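Chemist: Please find my_file39.pdb (PDB, C-alpha atoms) on the next line:
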```pdb
MODEL        1
ATOM      1  CA  MET J   1      59.846  97.351  90.404
ATOM      2  CA  GLY J   2      56.954  99.521  89.294
ATOM      3  CA  PRO J   3      57.356 101.467  86.058
ATOM      4  CA  PHE J   4      60.641  99.800  85.236
ATOM      5  CA  LEU J   5      60.199 100.977  81.664
ATOM      6  CA  LYS J   6      60.807 104.543  82.824
ATOM      7  CA  PHE J   7      64.226 103.323  83.848
ATOM      8  CA  VAL J   8      64.945 102.278  80.256
ATOM      9  CA  ILE J   9      62.870 104.573  78.088
ATOM     10  CA  PHE J  10      64.376 103.136  74.908
ATOM     11  CA  ASN J  11      61.968 100.191  75.212
ATOM     12  CA  SER J  12      58.881 102.389  74.769
ATOM     13  CA  GLY J  13      59.288 102.532  70.999
ATOM     14  CA  ARG J  14      60.263  98.913  70.563
ATOM     15  CA  PRO J  15      57.846  96.482  68.883
ATOM     16  CA  PRO J  16      56.825  93.364  70.847
ATOM     17  CA  LEU J  17      58.945  90.255  70.529
ATOM     18  CA  PRO J  18      57.802  87.619  68.003
ATOM     19  CA  ASP J  19      55.679  85.081  69.889
ATOM     20  CA  THR J  20      54.748  81.781  68.245
ATOM     21  CA  GLY J  21      52.084  81.207  70.898
ATOM     22  CA  GLN J  22      50.279  84.363  69.796
ATOM     23  CA  TRP J  23      50.542  83.281  66.167
ATOM     24  CA  LEU J  24      49.122  79.855  67.002
ATOM     25  CA  LEU J  25      46.095  81.341  68.786
ATOM     26  CA  LEU J  26      45.397  83.695  65.882
ATOM     27  CA  ALA J  27      45.626  80.753  63.475
ATOM     28  CA  LEU J  28      43.239  78.706  65.633
ATOM     29  CA  ASN J  29      40.750  81.575  65.536
ATOM     30  CA  GLU J  30      40.497  80.966  61.788
ATOM     31  CA  LYS J  31      40.170  77.180  62.081
ATOM     32  CA  LEU J  32      38.014  76.556  65.154
ATOM     33  CA  PRO J  33      34.223  77.032  65.314
ATOM     34  CA  GLU J  34      33.123  80.473  66.407
ATOM     35  CA  ALA J  35      31.518  79.086  69.593
ATOM     36  CA  VAL J  36      34.824  77.505  70.684
ATOM     37  CA  VAL J  37      36.733  80.701  69.975
ATOM     38  CA  GLU J  38      34.262  82.688  72.073
ATOM     39  CA  ILE J  39      34.762  80.252  74.968
ATOM     40  CA  LEU J  40      38.525  80.699  74.698
ATOM     41  CA  ARG J  41      38.080  84.479  74.737
ATOM     42  CA  ALA J  42      35.661  84.482  77.677
ATOM     43  CA  HIS J  43      36.777  85.717  81.106
ATOM     44  CA  ILE J  44      35.747  82.525  82.877
ATOM     45  CA  ILE J  45      38.124  82.722  85.828
ATOM     46  CA  GLY J  46      40.472  85.392  87.165
ATOM     47  CA  LEU J  47      43.196  85.847  89.735
ATOM     48  CA  HIS J  48      40.781  86.567  92.585
ATOM     49  CA  HIS J  49      38.981  83.280  91.906
ATOM     50  CA  TYR J  50      42.211  81.308  92.344
ATOM     51  CA  LEU J  51      42.936  83.147  95.587
ATOM     52  CA  MET J  52      39.408  82.383  96.811
ATOM     53  CA  LEU J  53      39.969  78.687  96.036
ATOM     54  CA  PHE J  54      43.172  78.783  98.070
ATOM     55  CA  ILE J  55      41.409  80.340 101.060
ATOM     56  CA  MET J  56      38.694  77.683 100.812
ATOM     57  CA  LEU J  57      41.371  74.976 100.843
ATOM     58  CA  ALA J  58      43.229  76.454 103.798
ATOM     59  CA  PHE J  59      40.099  76.606 105.955
ATOM     60  CA  SER J  60      38.152  73.610 104.645
ATOM     61  CA  VAL J  61      39.860  71.449 107.283
ATOM     62  CA  LEU J  62      37.358  73.000 109.714
ATOM     63  CA  PHE J  63      34.586  71.258 107.781
ATOM     64  CA  GLU J  64      36.529  67.981 107.511
ATOM     65  CA  SER J  65      36.862  68.386 103.735
ATOM     66  CA  VAL J  66      40.664  68.289 103.831
ATOM     67  CA  LYS J  67      42.953  66.239 106.030
ATOM     68  CA  ALA J  68      44.468  68.296 108.857
ATOM     69  CA  PRO J  69      46.407  70.467 109.147
ATOM     70  CA  GLY J  70      44.752  73.002 106.874
ATOM     71  CA  LEU J  71      46.967  75.694 108.390
ATOM     72  CA  GLY J  72      49.953  73.716 107.148
ATOM     73  CA  LEU J  73      48.551  73.721 103.611
ATOM     74  CA  GLY J  74      48.028  77.482 103.814
ATOM     75  CA  ALA J  75      51.548  78.040 105.146
ATOM     76  CA  ARG J  76      53.016  75.870 102.407
ATOM     77  CA  TYR J  77      51.098  77.859  99.768
ATOM     78  CA  MET J  78      52.260  81.209 101.155
ATOM     79  CA  PHE J  79      55.862  80.052 101.574
ATOM     80  CA  THR J  80      55.971  78.720  98.005
ATOM     81  CA  MET J  81      54.395  81.951  96.782
ATOM     82  CA  ALA J  82      57.069  84.019  98.555
ATOM     83  CA  VAL J  83      59.904  81.966  97.044
ATOM     84  CA  GLY J  84      58.328  82.156  93.583
ATOM     85  CA  ARG J  85      57.827  85.915  93.796
ATOM     86  CA  LEU J  86      61.452  86.406  94.809
ATOM     87  CA  LEU J  87      62.664  84.300  91.887
ATOM     88  CA  ARG J  88      60.328  86.194  89.559
ATOM     89  CA  ALA J  89      61.666  89.600  90.650
ATOM     90  CA  ILE J  90      65.243  88.420  90.110
ATOM     91  CA  THR J  91      64.312  87.031  86.691
ATOM     92  CA  PHE J  92      62.512  90.019  85.177
ATOM     93  CA  ALA J  93      65.015  92.508  86.597
ATOM     94  CA  SER J  94      67.920  90.615  85.045
ATOM     95  CA  THR J  95      66.990  91.254  81.400
ATOM     96  CA  ILE J  96      64.550  93.974  80.332
ATOM     97  CA  LEU J  97      62.145  92.785  77.651
ATOM     98  CA  PRO J  98      59.737  95.003  75.662
ATOM     99  CA  SER J  99      56.087  94.841  76.605
ATOM    100  CA  ALA J 100      53.637  92.792  74.576
ATOM    101  CA  ARG J 101      51.478  95.951  74.744
ATOM    102  CA  PRO J 102      53.718  98.716  73.293
ATOM    103  CA  TRP J 103      51.275 101.518  74.235
ATOM    104  CA  CYS J 104      51.372 100.598  77.934
ATOM    105  CA  ALA J 105      54.026 103.044  79.159
ATOM    106  CA  SER J 106      52.848 106.130  77.293
ATOM    107  CA  SER J 107      49.255 105.601  78.426
ATOM    108  CA  ARG J 108      50.106 105.092  82.120
ATOM    109  CA  TYR J 109      53.165 107.185  82.906
ATOM    110  CA  SER J 110      54.741 110.536  82.249
ATOM    111  CA  ILE J 111      57.756 109.307  80.284
ATOM    112  CA  PRO J 112      61.011 111.328  80.282
ATOM    113  CA  GLY J 113      62.319 112.271  76.860
ATOM    114  CA  HIS J 114      65.695 110.607  77.400
ATOM    115  CA  PRO J 115      66.967 107.291  78.731
ATOM    116  CA  HIS J 116      68.318 106.851  82.239
ATOM    117  CA  ARG J 117      71.969 107.840  82.585
ATOM    118  CA  TRP J 118      72.992 104.196  82.979
ATOM    119  CA  ALA J 119      71.251 103.343  79.731
ATOM    120  CA  GLN J 120      72.844 106.357  78.035
ATOM    121  CA  LYS J 121      76.271 105.073  79.024
ATOM    122  CA  TYR J 122      75.997 101.296  78.813
ATOM    123  CA  TYR J 123      73.245 100.599  76.263
ATOM    124  CA  VAL J 124      72.388 103.360  73.784
ATOM    125  CA  PRO J 125      75.841 103.653  72.128
ATOM    126  CA  TYR J 126      75.929  99.894  71.513
ATOM    127  CA  ALA J 127      72.260  99.151  70.855
ATOM    128  CA  SER J 128      72.132  99.066  67.048
ATOM    129  CA  ASP J 129      75.638  99.557  65.634
ATOM    130  CA  ALA J 130      77.097  96.115  64.859
ATOM    131  CA  ASN J 131      80.675  97.448  64.907
ATOM    132  CA  ALA J 132      80.117  99.110  68.286
ATOM    133  CA  ILE J 133      78.748  95.859  69.686
ATOM    134  CA  ARG J 134      81.793  93.968  68.360
ATOM    135  CA  GLN J 135      84.101  96.572  69.902
ATOM    136  CA  VAL J 136      82.475  96.445  73.337
ATOM    137  CA  ILE J 137      82.718  92.630  73.283
ATOM    138  CA  GLU J 138      86.411  92.730  72.401
ATOM    139  CA  ARG J 139      87.328  95.521  74.829
ATOM    140  CA  ASP J 140      84.864  94.481  77.550
ATOM    141  CA  ILE J 141      84.503  98.122  78.560
ATOM    142  CA  ALA J 142      82.064 100.959  77.803
ATOM    143  CA  TYR J 143      84.489 102.911  75.612
ATOM    144  CA  VAL J 144      82.117 105.619  74.245
ATOM    145  CA  ASP J 145      82.423 108.952  76.071
ATOM    146  CA  THR J 146      79.012 109.906  77.500
ATOM    147  CA  VAL J 147      80.043 112.495  80.085
ATOM    148  CA  ASN J 148      77.484 115.035  78.903
ATOM    149  CA  TYR J 149      74.425 112.875  79.471
ATOM    150  CA  THR J 150      71.045 114.412  80.242
ATOM    151  CA  ALA J 151      70.371 114.361  83.986
ATOM    152  CA  ASP J 152      67.058 113.485  85.638
ATOM    153  CA  TYR J 153      65.065 115.544  88.116
ATOM    154  CA  ARG J 154      65.969 114.413  91.645
ATOM    155  CA  PRO J 155      63.502 115.401  94.406
ATOM    156  CA  ASP J 156      64.397 115.125  98.084
ATOM    157  CA  TRP J 157      62.892 111.792  99.218
ATOM    158  CA  GLY J 158      65.201 111.327 102.165
ATOM    159  CA  SER J 159      65.990 107.682 102.869
ATOM    160  CA  MET J 160      63.817 106.619  99.912
ATOM    161  CA  SER J 161      65.882 108.548  97.373
ATOM    162  CA  PHE J 162      67.238 105.297  95.958
ATOM    163  CA  LEU J 163      63.841 104.882  94.271
ATOM    164  CA  ILE J 164      64.504 107.897  92.048
ATOM    165  CA  ASP J 165      66.625 105.839  89.657
ATOM    166  CA  PHE J 166      63.731 103.417  89.159
ATOM    167  CA  LEU J 167      60.657 105.666  89.304
ATOM    168  CA  ARG J 168      62.264 108.660  87.509
ATOM    169  CA  PRO J 169      59.764 111.324  88.682
ATOM    170  CA  ASN J 170      59.255 114.646  86.947
ATOM    171  CA  THR J 171      58.590 117.983  88.637
ATOM    172  CA  SER J 172      54.816 117.449  88.737
ATOM    173  CA  GLU J 173      54.896 114.005  90.348
ATOM    174  CA  GLY J 174      58.009 114.169  92.522
ATOM    175  CA  SER J 175      56.441 115.390  95.769
ATOM    176  CA  SER J 176      55.650 111.927  97.155
ATOM    177  CA  TRP J 177      57.490 108.690  96.458
ATOM    178  CA  TYR J 178      54.573 106.678  97.819
ATOM    179  CA  SER J 179      51.937 108.078  95.460
ATOM    180  CA  LEU J 180      54.231 107.468  92.492
ATOM    181  CA  LEU J 181      55.009 103.937  93.683
ATOM    182  CA  LYS J 182      51.276 103.184  94.004
ATOM    183  CA  LYS J 183      50.745 104.431  90.475
ATOM    184  CA  ALA J 184      53.436 102.086  89.210
ATOM    185  CA  GLY J 185      51.247  98.981  89.218
ATOM    186  CA  GLY J 186      52.949  96.055  87.548
ATOM    187  CA  GLY J 187      55.155  98.068  85.246
ATOM    188  CA  CYS J 188      55.151  97.986  81.459
ATOM    189  CA  ASN J 189      58.162  95.906  80.550
ATOM    190  CA  ASP J 190      57.508  92.180  80.190
ATOM    191  CA  LEU J 191      57.675  90.549  83.599
ATOM    192  CA  VAL J 192      59.095  87.043  83.258
ATOM    193  CA  TYR J 193      57.409  84.894  84.439
ATOM    194  CA  SER J 194      53.651  85.489  84.755
ATOM    195  CA  GLY J 195      52.594  86.152  88.347
ATOM    196  CA  HIS J 196      48.938  85.418  87.563
ATOM    197  CA  MET J 197      49.816  82.033  86.104
ATOM    198  CA  PHE J 198      52.080  81.240  89.052
ATOM    199  CA  VAL J 199      49.175  81.800  91.467
ATOM    200  CA  ALA J 200      46.888  79.691  89.278
ATOM    201  CA  VAL J 201      49.374  76.801  89.161
ATOM    202  CA  LEU J 202      49.957  76.835  92.930
ATOM    203  CA  THR J 203      46.203  76.754  93.498
ATOM    204  CA  ALA J 204      45.844  73.823  91.120
ATOM    205  CA  MET J 205      48.698  71.928  92.811
ATOM    206  CA  ALA J 206      47.227  72.512  96.274
ATOM    207  CA  TRP J 207      43.777  71.434  95.094
ATOM    208  CA  MET J 208      45.209  68.310  93.455
ATOM    209  CA  GLU J 209      47.018  67.334  96.642
ATOM    210  CA  ALA J 210      43.982  67.933  98.850
ATOM    211  CA  TYR J 211      41.263  66.417  96.655
ATOM    212  CA  GLY J 212      42.564  64.872  93.429
ATOM    213  CA  GLY J 213      40.135  63.201  91.061
ATOM    214  CA  PHE J 214      37.915  64.865  88.471
ATOM    215  CA  SER J 215      37.781  68.220  90.265
ATOM    216  CA  SER J 216      41.572  68.583  89.901
ATOM    217  CA  VAL J 217      41.274  67.931  86.159
ATOM    218  CA  LEU J 218      38.713  70.724  85.971
ATOM    219  CA  ILE J 219      41.011  73.115  87.855
ATOM    220  CA  TRP J 220      43.892  72.355  85.490
ATOM    221  CA  LEU J 221      41.640  72.969  82.481
ATOM    222  CA  LEU J 222      40.833  76.388  83.944
ATOM    223  CA  VAL J 223      44.570  77.029  84.414
ATOM    224  CA  MET J 224      45.194  76.221  80.747
ATOM    225  CA  HIS J 225      42.325  78.521  79.768
ATOM    226  CA  SER J 226      43.864  81.319  81.830
ATOM    227  CA  ALA J 227      47.254  80.741  80.200
ATOM    228  CA  GLN J 228      45.980  81.054  76.651
ATOM    229  CA  ARG J 229      43.988  84.145  77.602
ATOM    230  CA  GLU J 230      47.110  85.799  79.078
ATOM    231  CA  VAL J 231      48.816  85.279  75.720
ATOM    232  CA  ARG J 232      45.724  86.089  73.630
ATOM    233  CA  GLU J 233      45.190  89.428  75.374
ATOM    234  CA  ARG J 234      48.912  90.269  75.239
ATOM    235  CA  HIS J 235      49.374  90.525  78.998
ATOM    236  CA  HIS J 236      52.342  88.165  78.668
ATOM    237  CA  TYR J 237      54.379  86.306  76.107
ATOM    238  CA  SER J 238      53.926  82.547  75.800
ATOM    239  CA  VAL J 239      57.286  81.927  77.471
ATOM    240  CA  ASP J 240      56.086  83.738  80.607
ATOM    241  CA  CYS J 241      53.161  81.338  80.988
ATOM    242  CA  VAL J 242      55.192  78.217  80.174
ATOM    243  CA  VAL J 243      57.888  79.102  82.709
ATOM    244  CA  ALA J 244      55.280  79.981  85.363
ATOM    245  CA  ILE J 245      53.668  76.551  84.959
ATOM    246  CA  TYR J 246      56.784  74.447  85.434
ATOM    247  CA  VAL J 247      58.286  76.731  88.104
ATOM    248  CA  GLY J 248      55.032  76.539  90.080
ATOM    249  CA  ILE J 249      54.921  72.738  89.826
ATOM    250  CA  LEU J 250      58.594  72.301  90.785
ATOM    251  CA  LEU J 251      58.453  74.744  93.703
ATOM    252  CA  TRP J 252      55.321  73.073  95.063
ATOM    253  CA  LYS J 253      56.996  69.666  94.878
ATOM    254  CA  MET J 254      60.107  71.011  96.606
ATOM    255  CA  THR J 255      58.099  72.359  99.564
ATOM    256  CA  GLY J 256      56.254  69.065 100.109
ATOM    257  CA  PHE J 257      57.990  68.508 103.453
ATOM    258  CA  ILE J 258      55.888  71.249 105.080
ATOM    259  CA  TRP J 259      52.542  69.461 104.835
ATOM    260  CA  SER J 260      52.284  65.827 105.822
ATOM    261  CA  ALA J 261      51.336  63.352 103.091
ATOM    262  CA  LYS J 262      47.612  62.782 102.645
ATOM    263  CA  GLY J 263      47.896  59.051 103.239
ATOM    264  CA  GLY J 264      50.282  59.285 106.203
ATOM    265  CA  THR J 265      48.051  57.331 108.580
ATOM    266  CA  GLY J 266      47.529  54.474 106.139
ATOM    267  CA  ASP J 267      51.220  54.360 105.277
ATOM    268  CA  SER J 268      52.107  54.131 108.977
ATOM    269  CA  ARG J 269      49.741  51.206 109.452
ATOM    270  CA  LEU J 270      51.173  49.356 106.442
ATOM    271  CA  THR J 271      54.694  49.907 107.771
ATOM    272  CA  LYS J 272      53.803  48.350 111.125
ATOM    273  CA  LEU J 273      52.084  45.415 109.431
ATOM    274  CA  GLY J 274      55.213  44.866 107.357
ATOM    275  CA  LYS J 275      57.327  44.674 110.486
ATOM    276  CA  ILE J 276      55.189  41.911 112.023
ATOM    277  CA  GLN J 277      54.435  40.100 108.755
ATOM    278  CA  GLY J 278      56.654  37.147 109.582
ATOM    279  CA  ARG J 279      55.229  36.656 113.068
ATOM    280  CA  LEU J 280      51.701  37.073 111.726
ATOM    281  CA  LEU J 281      52.175  34.376 109.067
ATOM    282  CA  GLN J 282      53.731  32.001 111.566
ATOM    283  CA  ALA J 283      50.853  32.487 114.001
ATOM    284  CA  ALA J 284      48.358  31.822 111.182
ATOM    285  CA  LYS J 285      50.189  28.621 110.199
ATOM    286  CA  ASP J 286      50.122  27.465 113.827
ATOM    287  CA  SER J 287      46.406  28.320 114.019
ATOM    288  CA  ASP J 288      47.228  30.495 117.022
ATOM    289  CA  MET J 289      44.331  32.963 116.742
ATOM    290  CA  ASP J 290      45.108  34.529 120.098
ATOM    291  CA  GLU J 291      48.573  35.540 118.811
ATOM    292  CA  VAL J 292      47.065  36.891 115.578
ATOM    293  CA  ARG J 293      44.559  39.014 117.504
ATOM    294  CA  GLU J 294      47.301  40.264 119.826
ATOM    295  CA  LEU J 295      49.531  41.338 116.944
ATOM    296  CA  LEU J 296      46.699  43.137 115.129
ATOM    297  CA  LYS J 297      45.722  44.816 118.392
ATOM    298  CA  ASP J 298      49.264  46.167 118.769
ATOM    299  CA  VAL J 299      49.096  47.619 115.251
ATOM    300  CA  GLU J 300      45.770  49.318 115.971
ATOM    301  CA  LEU J 301      46.968  50.738 119.299
ATOM    302  CA  GLY J 302      50.101  52.111 117.649
ATOM    303  CA  ASN J 303      47.967  53.762 114.968
ATOM    304  CA  GLN J 304      45.728  55.391 117.576
ATOM    305  CA  GLU J 305      48.761  56.776 119.406
ATOM    306  CA  SER J 306      50.087  58.332 116.191
ATOM    307  CA  LEU J 307      46.707  59.973 115.590
ATOM    308  CA  LYS J 308      46.736  61.414 119.107
ATOM    309  CA  GLN J 309      50.186  62.867 118.567
ATOM    310  CA  GLY J 310      48.940  64.794 115.516
ATOM    311  CA  PRO J 311      51.185  66.916 113.305
ATOM    312  CA  SER J 312      54.739  67.648 114.374
ATOM    313  CA  LYS J 313      55.559  70.685 116.479
ATOM    314  CA  VAL J 314      57.986  71.895 113.826
ATOM    315  CA  MET J 315      55.224  72.004 111.212
ATOM    316  CA  TRP J 316      52.860  73.857 113.546
ATOM    317  CA  LEU J 317      55.556  76.361 114.497
ATOM    318  CA  PHE J 318      56.450  76.978 110.863
ATOM    319  CA  ALA J 319      52.822  77.375 109.819
ATOM    320  CA  SER J 320      51.990  79.688 112.721
ATOM    321  CA  GLY J 321      55.164  81.708 112.143
ATOM    322  CA  THR J 322      54.342  82.177 108.460
ATOM    323  CA  ILE J 323      50.806  83.375 109.192
ATOM    324  CA  PHE J 324      52.013  85.701 111.976
ATOM    325  CA  PHE J 325      54.762  87.151 109.766
ATOM    326  CA  SER J 326      52.333  87.776 106.900
ATOM    327  CA  LEU J 327      49.791  89.521 109.132
ATOM    328  CA  THR J 328      52.556  91.615 110.710
ATOM    329  CA  ILE J 329      53.778  92.786 107.301
ATOM    330  CA  VAL J 330      50.227  93.749 106.290
ATOM    331  CA  ILE J 331      49.680  95.734 109.506
ATOM    332  CA  LEU J 332      53.050  97.507 109.186
ATOM    333  CA  ALA J 333      52.337  98.343 105.532
ATOM    334  CA  PHE J 334      49.025  99.973 106.451
ATOM    335  CA  THR J 335      50.619 101.815 109.406
ATOM    336  CA  TRP J 336      53.712 103.149 107.655
ATOM    337  CA  THR J 337      51.890 104.239 104.507
ATOM    338  CA  SER J 338      48.697 105.628 106.061
ATOM    339  CA  ASP J 339      49.899 109.214 105.574
ATOM    340  CA  GLY J 340      50.798 108.700 101.937
TER     341      GLY J 340
ENDMDL
END
```
Kindly present the structure from the file in structure tokens form.
Modeler:
Amino acid sequence: MGPFLKFVIFNSGRPPLPDTGQWLLLALNEKLPEAVVEILRAHIIGLHHYLMLFIMLAFSVLFESVKAPGLGLGARYMFTMAVGRLLRAITFASTILPSARPWCASSRYSIPGHPHRWAQKYYVPYASDANAIRQVIERDIAYVDTVNYTADYRPDWGSMSFLIDFLRPNTSEGSSWYSLLKKAGGGCNDLVYSGHMFVAVLTAMAWMEAYGGFSSVLIWLLVMHSAQREVRERHHYSVDCVVAIYVGILLWKMTGFIWSAKGGTGDSRLTKLGKIQGRLLQAAKDSDMDEVRELLKDVELGNQESLKQGPSKVMWLFASGTIFFSLTIVILAFTWTSDG
């Protein structure tokens, strides 16, 4: 989705949306001690740190720090990330919001002097005139004649020509679609919701499930610090961070079936004890210690058999398939784009 703002050039001159989160942080700067404000401004943790934490979690099963299967935890993380990224692309492409950094587009891209032809037809005539907006609502049709719109330069990109409507190249940068796509980066319109915060939340959820305790509290404090810094530095609006937090939590909860519960072994043992509870109490009342020992032995043997069976084949197949698919995509990306 690259420089999506080139697709709708009318956003380049628009001021940022009013953001109460930004106002709150600016107000706190005046109230809090200078040392606290400097801590809030500090770049304590970044995206690469959260990704490093995830990799540590996925492979820490080798060092018996996390209950097996660590590969299942990694697959769950990557699967949840893929679903979240898809939802994010659908969300920010649905409604185009002005950037919190209004200078972004002009400083990064060569911006055409006119909007895209779709914007010229469906947006510009109805953008600011209240009567025109009322008319288009009542008629439900783009009634303004825009036949003589300004056309864009259209290089020959072969099968990738569909990208022209999004990247909008000029004569100096139209020779290669790949070089222009690489230059796109994250675009300059506001991307709802924050991808950085989504990664941070998934890492915190995975850490909380694997370890819990005080360390998880620390991770969540770092996530909150990252969120306020995203807003403070105008990388995102507050709504982008808020939505990323609850979407990340909900998606992680929804994909819980992929990785077995941490206390699965203990829960299995309690279930078996519950099934023989009546017989166990009766044997104790009869002072039949041989029967008590026999029943407890059956529970222990059943638990050992479940440990030998290990994780389900479905989980292993899904985890292995996810890793294989991801590596394949990376290799194909390097192969197909090696010539630029």
Chemist: As a check of understanding, name the residues that the PyMOL selection byres ((chain J and resi 20) around 12) selects in the supplied structure, as JSON, numbers by chain.
Modeler: {"J": [17, 18, 19, 21, 22, 23, 24, 25, 26, 27, 231, 232, 237, 238, 239]}
Chemist: Record the distance separating CA of Ala58 (chain J) and CA of Ile44 (chain J), expressed in Å with one decimal.
Modeler: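 Distance reported for this atom pair: 23.0 Å.
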Chemist: For the structure shown, which residues end up in the PyMOL selection byres ((chain J and resi 224) around 12)? Put them as a list in words, please?
Modeler: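 When the PyMOL selection byres ((chain J and resi 224) around 12) is applied to the shown file, the picked residues are Leu40, Ile44, Ile45, Met197, Phe198, Ala200, Val201, Ala204, Val217, Leu218, Ile219, Trp220, Leu221, Leu222, Val223, His225, Ser226, Ala227, Gln228, Arg229, Glu230, Val231, Ser238, Cys241, Val242, Ala244 and Ile245 of chain J.
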Chemist: In Å, with one decimal, what is the gap from CA of Trp252 (chain J) to CA of Leu202 (chain J)?
Modeler: 6.9 Å
Chemist: Hey, can you pull every residue with an atom no more than 9 Å from (65.2, 116.2, 89.4), using all atoms listed in the file, and send it as a PyMOL selection string?
Modeler: chain J and resi 151-156+164+168-171+174
Chemist: Convert the output of the PyMOL selection byres ((chain J and resi 143) around 12) on the shown file into explicit residues, formatted as a ChimeraX atom specification.
Modeler: /J:121-123,125-126,132-142,144-147
Chemist: Using only C-alpha atoms, which of J:Ala35, J:Leu53, J:Ala75, J:Leu250 sits nearest Leu317 (chain J)?
Modeler: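 Ranking J:Ala35, J:Leu53, J:Ala75, J:Leu250 by distance to Leu317 (chain J), first place goes to J:Ala75.
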Chemist: Compare J:Arg117, J:Arg14, J:Lys285, J:Arg85 by their minimum atom-to-atom distance to Leu251 (chain J), counting only C-alpha atoms, and give me the closest one.
Modeler: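 Of J:Arg117, J:Arg14, J:Lys285, J:Arg85, the one nearest Leu251 (chain J) is J:Arg85, counting only C-alpha atoms.
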Chemist: Got a sec: who's within 7 Å of Val192 (chain J), counting only C-alpha atoms, leaving out chain neighbours fewer than 2 positions off, as a list of chain:residue names?
Modeler: J:Arg88, J:Thr91, J:Phe92, J:Asp190, J:Ser194, J:Asp240
Chemist: Which is closest to Ser60 (chain J) among J:Ala93, J:Phe214, J:Asn131, J:Leu73, if we use only C-alpha atoms?
Modeler: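 Checking each of J:Ala93, J:Phe214, J:Asn131, J:Leu73 against Ser60 (chain J), counting only C-alpha atoms, the winner is J:Leu73.
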Chemist: Point out the residue among J:Leu51, J:Leu191, J:Ala82, J:Ala127 with the least atom-to-atom distance to Thr203 (chain J), counting all atoms listed in the file.
Modeler: J:Leu51
Chemist: Choose the residue, out of J:Met254, J:Cys188, J:Leu281, J:Leu296, that has the smallest atom-to-atom separation from Trp103 (chain J); count only C-alpha atoms.
Modeler: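 So, comparing all the options, the nearest one is J:Cys188.
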